[in-house]
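> Encoded as structure tokens, here's the structure I'll be asking about.
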Amino acid sequence: MKHHSSTSASPEDKFDPNTGSIIERVLFNNRLIVIIVCALLTALLGWQATKLTINASFEKTLPTHQAYIQNYLTYEKELTGLGNALRIAVVSPKGTIYDAEYLDLLRQLSDEVFLLSGVDRVQMKSLWTPSTRWIGVTEEGLDGGPVIPEDYDGSPASLQKLKANVARSGQIGQLIAADEESTIIYMPLLSEDATGEALDYAKYSEALEGLRTKYQEQGLEIHITGFTKVMGDLIEGVQAVLWFFALAVVIATIMVFWYTRCVRSTFLVVFASILAVVWQLGILPTLGYVLDPYSILVPFLVFAIGMSHGAQKMNGIMQDVGRGFNKLVAARFTFRRLFMAGLTALLADAVGFAVLLVIDIKVIQELAIAASIGVAVLIFTNLILLPIMLSYVGVGKKAAQRSVVNDINEDSAKKMPALWVFLDKFTQRKWAIGALIGGFLLTVGAFALSTQLKIGDLDQGAPELRQDSRYNQDVAFMNQHYGASSDVMAIMVKTPDGQCSQYDTLNKIDALEWQLRQLPGVESTNSLSLLTRRVLSGLNEGNPKWYEFLPNQSMLNYITAGAPRGLYNSSCNLLTVYVYLQDHKADTLSNIVNHVEAFAKDNNTDDVQFLLAAGSAGIQAATNISVKAAWYQMLFLVYGAVALLSLITFRSFKAVVVAILPLMLTSIMVEALMVQLGMGVKVATLPVIALGVGIGIDYALYILSITLVGLRNGNSLSESYLRALNFTGKVVMLTGVTLAVGVITWVASPIKFQADMGLLLAFMFIWNMLGALILLPALAHFLLKPKYANDQKSQDISE
């Protein structure tokens, strides 16, 4: 076999600098200007990057166009406390809350919480707030008042009176633990603080931790749950993310140097990739964006993609220098050969990120924007600036000679590495059939398993954090000691103005509550209907025979007039049914949503409508529905876009099939892996497959582009594939392994969703690499035959 170079070797003095595409001529004939411009941009964007902040937003996690969220936002002001709220459990060190010292510390903590900026003070509740009241039956009828007696003085008599009030308050299991060893401070949060600025979740979490430390030093035990605390803990974990980023840089540097044994070229590849991250981080605050816990991993992905493309450019220049070209000529020839393949690959990466914009969740959309910006930057730093810098610096002489030791020539059979010989077998019919049968069996098995994939969370607590994290331990405490967990779904019942207490309406709510309490996962419910039953019994000396729902409209109006406003609004045109759940697992939420939807379909009228949903569990249910709708839409768009870009690059439908099918196998296998690992499709995992497809196509583009060049020059598939392995395949394996090793270290992260993403991405990097090396030549054997190459060559000549 003879080596057919795509460019003839010419000494530097015979090289015409006016050859090549207009882009190549403009860039390489003005190299110094390009470097100066990039240096100025680096200084400017590096300064801008110092302004980048990390924060989160409850509103950005909502799928704002989903029907349930639209209902919630419509009545948000009348449903205060059913969105972003915190619960602080305060445990008595003496085993009971009826202790004067404990109650005094609880009062101090409640007052400090009340004064925190951003707290909705009207809706805040604790044992010490006036809105926490008791209702009891006396000889004269119903009586009531604040749970903490107005004459409370800490004496044994006052404590005994408090205990009686607690028993009559209906708050056991909600604000007061069932074992009466702790109480809850419930603090709904506004979207802005007192200055009108968006809540800083990191600072808020720090303030809460400060209160926790202060009062635990005085003997109390504090547990805190809520969205704000989750985000605060994730932001706190960013420091760990930075360490993992540094580790990835070290691993990538070592791997590239091990391959090249050239310090300067390795340094430039790493430098260009880090430069892309700096540019990206500088552009974000310039456009008014911040990083949040979900997009904090994007800079690593940009660095990883940059290393992949940078290594390809460095390898091409190194091989051309090894063949005798001058460093400038080698840089131009490599740019000429790989720029379009690299550009197409980066556009495919960008599309993989950009399709996430169709998901109606702001945090994912901002992740998509941040990642797309990073990929766009790579076009300048790694496809343009890196070859130009290498054209000045060059590569080590020994490294260049080593890179071409396995060039295909007449003696290649003797010199070809054993791995190359093995991979070349897949261009032969017997091995190709075996590979395709194996791929088909893997696809069928993985698809069967992937049908069990759930939408939503599969564990209790915050899935973004590990089960042994402090936050999830706090959630476990809440679930163990309180009948009403933090997972609350609120059903809104819309009525005409002033008619929220109508018997027919309340009777329907009463029926719905009874049905919901029979469902698995439902701990309790609360509504105006349930209050009516309790009050009717109380008005009749607590006789359980009167615990009934009576068609007495006057009595219903009387009870409604004294009912808490949380059960209905001031216009009496909206009722709220609270459903307290054991957890927010996918099956729990879907069962309740399906039941309420069926009930609403049978009972809605023109005047009365049952609407979902508010509360933390209601919002999670709406998010699950949005994620499910976006899942396959996202896959369709990302594969459609990648296929279109591949078609533009290869100008062959068959080549597109060869490139895409291995990616599809990997996507199906990832879904099966998620089932095996107990992961659901949620906000944190939704982007992974789109990212894997976008990045994974890079391998196929680099190998297939060189293979097609060989086929169109009349070479056999074996010759063309071996040449692709020599020129780009080595770096495909290098980057595939390097990226997988880099992200697999994430499994040690304290942030659970980072660990999940690392595991899934590592799996996709390896399988996409194997698909490009094994399935691609096997498919090419049947679809890209020499006949096709000769026909294409004839067509090119005729044109």
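Residues in the structure tokens are named by chain (A, B, ... in the order shown) and by number from 1 within that chain; ligands are numbered from 1 in the order shown.
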For region 220-337 of chain A against region 616-625 of chain A, with a cut-off of 12 Å and counting only C-alpha atoms, what is the closest atom pair and its distance in Å to one decimal for every residue that makes the cut, ordered by chain and number, as a Markdown table?


| residue | atom | partner | partner_atom | distance |
| --- | --- | --- | --- | --- |
| A:Thr225 | CA | A:Ser616 | CA | 11.7 |
| A:Gly226 | CA | A:Ser616 | CA | 9.0 |
| A:Phe227 | CA | A:Ser616 | CA | 8.8 |

> Excluding same-chain residues fewer than 4 positions from Asp457 (chain A), what lies within 9 Å of it counting only C-alpha atoms, as a ChimeraX atom specification?

/A:462-463,584-587,624,679-682

> Taking C-alpha atoms for each residue, export the selection above as a short mmCIF file (atom, residue, chain, number, x, y, z; two decimals), in the first residue's frame.


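And here is the file that came out, again_33.cif:
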data_model
loop_
_atom_site.label_atom_id
_atom_site.label_comp_id
_atom_site.auth_asym_id
_atom_site.auth_seq_id
_atom_site.Cartn_x
_atom_site.Cartn_y
_atom_site.Cartn_z
CA ALA A 462 -32.87 16.45 47.55
CA PRO A 463 -31.55 14.29 44.68
CA HIS A 584 -41.83 13.47 45.95
CA LYS A 585 -40.89 10.31 44.08
CA ALA A 586 -41.98 10.04 40.46
CA ASP A 587 -44.60 7.32 41.07
CA ASN A 624 -41.73 16.15 35.66
CA MET A 679 -31.59 7.51 38.18
CA GLY A 680 -34.64 9.28 36.85
CA VAL A 681 -34.91 11.82 34.05
CA LYS A 682 -34.95 15.21 35.77
#

> Using only C-alpha atoms for the distances, tell me which of A:Thr132, A:Thr605, A:Thr253, A:Ser646 is nearest to Leu734 (chain A).

A:Thr253

> So that I can see what lies close to region 393-403 of chain A, please list as a count of residues only the residues with an atom at most 6 Å from it, counting only C-alpha atoms and leaving out residues fewer than 4 positions away in the same chain.

9

> Listing only residues of region 194-295 of chain A within 9 Å of region 750-764 of chain A, what is the closest atom pair and its distance in Å (to one decimal) for each, using only C-alpha atoms, sorted by chain and residue number ascending, as a Markdown table?


| residue | atom | partner | partner_atom | distance |
| --- | --- | --- | --- | --- |
| A:Asp233 | CA | A:Ile751 | CA | 8.8 |
| A:Leu234 | CA | A:Ile751 | CA | 6.7 |
| A:Gly237 | CA | A:Ile751 | CA | 6.6 |
| A:Val238 | CA | A:Ile751 | CA | 8.7 |
| A:Ala240 | CA | A:Pro750 | CA | 7.6 |
| A:Val241 | CA | A:Gln754 | CA | 8.4 |
| A:Tyr294 | CA | A:Phe753 | CA | 8.6 |

> Would you give me, as a PyMOL selection string, the residues in region 220-289 of chain A that DSSP reads as strand (DSSP E)?

chain A and resi 221-226

> May I ask which of the residues A:Leu385, A:Leu661, A:Leu644, A:Val737 is the closest one to Val34 (chain A), counting only C-alpha atoms?

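With only C-alpha atoms as the atom set, the closest residue is A:Leu385.
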
> Quick one: DSSP alpha helix (DSSP H) residues in region 177-420 of chain A, as an MDAnalysis selection string?

chainID A and resid 201:216 227:236 238:260 263:286 298:322 327:354 362:380 386:393 397:403 412:415 418:420

> Please report the interatomic distance between CA of Leu686 (chain A) and CA of Ser308 (chain A) in Å with one decimal.

23.5 Å

> Taking only C-alpha atoms into account, which of A:Thr334, A:Gln48, A:Gln553, A:Ser391 comes nearest Leu287 (chain A)?

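Going through A:Thr334, A:Gln48, A:Gln553, A:Ser391 one by one, the smallest distance to Leu287 (chain A) is for A:Gln48.
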